[in-house]
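In what follows, a structure is listed as structure tokens, so that the remarks can point back to it.
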Protein chains: 2
Amino acid sequence: MNYPNGKKVYTNHHVTNKQPQDQFSNRGMTLEKDIDETNRYYLNRGRCVVHKKPTPVQIVKVDYPKRSAAVIKEAYFKQASTTDYNGLYKGKYLDFEAKETRNKGSFPLSNFHAHQIEHMEHVVKHEGICFVIIRFQAYNESYMFPAVKLFPYWHRQFKDGRKSIPYDVIKSEGAIIPSGYPALVDYLSVIDQLFF
Amino acid sequence: MNYPNGKKVYTNHHVTNKQPQDQFSNRGMTLEKDIDETNRYYLNRGRCVVHKKPTPVQIVKVDYPKRSAAVIKEAYFKQASTTDYNGLYKGKYLDFEAKETRNKGSFPLSNFHAHQIEHMEHVVKHEGICFVIIRFQAYNESYMFPAVKLFPYWHRQFKDGRKSIPYDVIKSEGAIIPSGYPALVDYLSVIDQLFF
């Protein structure tokens with residue numbers, strides 16, 4: 001995504017801990033861009049109303065030039081207290097996080113932080129539809145993995161120390177998400193089979 | 001809200017078009033702060049899961065100092081494409097915007113922009129619970145006004161030119177929101193009567 005002046009624009013916190021020249025920095029954004037495009041398509045087709053939340057930013061210094069827009073001169077990326085995506089499908093509340101990994105054999109739990117898991121637990125408790133979208137870049141496969149199946153792995157890591165979910169588990173207990181066009185990550189097509 | 005270094009911190013776009021010395025700049029934040037505190041209370045009590053979305057910011061320039069956090073050096077406030085608040089209540093999707101006015105006789109529609117109305121129309125179409133919270137500072141009254149009752153006034157302004165909703169209409173067709181503690185804006189207490 002580029003700003004009119006051509007400078008690179010960062011619009012999500014996935015890149016906040018990466019150097020701009022990080023050779024993988026754009027990889028981290030691929031899944032997000034695919035989901036954003038899918039959500040635009042869903043919205044236009046009246047399938048659902050799902051948006052990515054803005055990147056949380058702590059604004060410290062703002063300039064107010066006369067007769068022109070306010071300019072933020074100092075700000076810091078904040079850790080999100082919820083997931084990145086939420087919205088509405090068939091009258092129900094939808095909530096999910098999307099992550100991709102270059103690992104082949106498992107998905108590292110370090111991709112999530114405690115606040116997000118806590119939020120997902122709240123959502124499940126209040127009967128929202130909650131899941132994560134996990135993409136394995138090596139296989140170019142994206143899976144829908146229900147939050148209720150993620151929780152045990154998250155909590156278990158503090159006991160047995162296993163800090164990842166095996167690929168086979170995600171494959172067998174999750175649902176592979178078909179990729180089409182313009183629905184690049186057609187998650188609604190598998191949501192019914194997992195949640196309805 | 002203050003940053004450790006004591007500098008004023010702006011965390012919502014209500015203030016973005018105001019000068020820091022604007023004598024009313026903190027008024028615009030009162031309702032939001034009250035709702036944030038109410039939402040924290042609701043969450044802790046397991047009543048609902050509602051969060052304010054982060055302020056949308058267009059990030060143009062980021063510095064990455066060695067061994068310290070990334071610093072945003074140039075960014076601009078973006079217009080929100082959705083409402084400020086959404087979440088989950090009794091398994092249903094909840095979506096609302098909160099605005100306050102110093103007017104006594106009516107609420108100016110200029111408090112909303114077309115994207116927000118469009119978003120609320122999508123939410124209603126998909127059977128979400130959608131409303132606005134309108135506070136009249138002069139009476140210190142906050143009302144829940146269903147989105148479906150807002151739409152006709154919004155669209156009518158482009159025909160008959162009336163650019164506001166009369167106070168009496170909001171009073172009669174909306175529901176006054178009780179203010180208690182810690183539920184400063186106890187909107188859940190009136191939601192059932194309007195939506196369930």
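Chain lettering (A, B, ...) mirrors the order of the structure tokens, residue numbering begins at 1 for each chain separately, and ligand numbering begins at 1 in order of display.
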Using only C-alpha atoms, what does the table of chain A residues within 6 Å of chain B look like, with each row giving the shortest atom pair and its distance in Å to one decimal, sorted by chain and ascending number, as CSV?
residue,atom,partner,partner_atom,distance
A:Val9,CA,B:Val60,CA,5.1
A:Tyr10,CA,B:Ile59,CA,5.7
A:Pro54,CA,B:Pro56,CA,5.1
A:Pro56,CA,B:Pro54,CA,5.1
A:Ile59,CA,B:Tyr10,CA,5.6
A:Val60,CA,B:Val9,CA,5.0
A:Val71,CA,B:Tyr76,CA,5.4
A:Ile72,CA,B:Ala75,CA,4.9
A:Lys73,CA,B:Lys73,CA,4.9
A:Glu74,CA,B:Lys73,CA,5.2
A:Ala75,CA,B:Ile72,CA,4.9
A:Tyr76,CA,B:Val71,CA,5.4
A:Gly91,CA,B:Glu127,CA,4.7
A:Lys92,CA,B:Lys92,CA,5.4
A:Tyr93,CA,B:Tyr93,CA,4.5
A:His126,CA,B:Gly91,CA,5.5
A:Glu127,CA,B:Gly91,CA,4.7
A:Gly128,CA,B:Gly91,CA,5.5
Which polymer residues have any atom within 8 Å of an atom of Leu31 of chain B, counting only C-alpha atoms, with same-chain residues fewer than 6 positions away left out, as an mmCIF file with N, CA and C atoms, in the first residue's frame?
data_model
loop_
_atom_site.group_PDB
_atom_site.id
_atom_site.type_symbol
_atom_site.label_atom_id
_atom_site.label_comp_id
_atom_site.auth_asym_id
_atom_site.auth_seq_id
_atom_site.Cartn_x
_atom_site.Cartn_y
_atom_site.Cartn_z
ATOM 1 N N ALA B 98 -21.058 7.199 19.218
ATOM 2 C CA ALA B 98 -21.425 8.077 20.344
ATOM 3 C C ALA B 98 -21.019 9.507 20.038
ATOM 4 N N LYS B 99 -21.973 10.408 20.191
ATOM 5 C CA LYS B 99 -21.698 11.823 19.917
ATOM 6 C C LYS B 99 -22.373 12.681 20.974
ATOM 7 N N GLU B 100 -21.759 13.833 21.254
ATOM 8 C CA GLU B 100 -22.435 14.767 22.148
ATOM 9 C C GLU B 100 -22.504 16.143 21.516
ATOM 10 N N ARG B 135 -25.549 12.506 23.459
ATOM 11 C CA ARG B 135 -25.592 13.230 24.732
ATOM 12 C C ARG B 135 -25.841 14.711 24.480
#
| task | as a ChimeraX atom specification, please: all residues of chain B that backbone DSSP puts in helix (DSSP H, G or I). | result | /B:13-15,27-44,109-111,114-125,147-156,167-173,188-195
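With distances restricted to only C-alpha atoms, A:Gly105 is the closest residue to Asp168 of chain A from A:Gly105, A:Pro152, A:Ser142, A:Gln116.
In this structure, atom CA of Thr30 of chain A sits 25.7 Å away from atom CA of Tyr153 of chain A.
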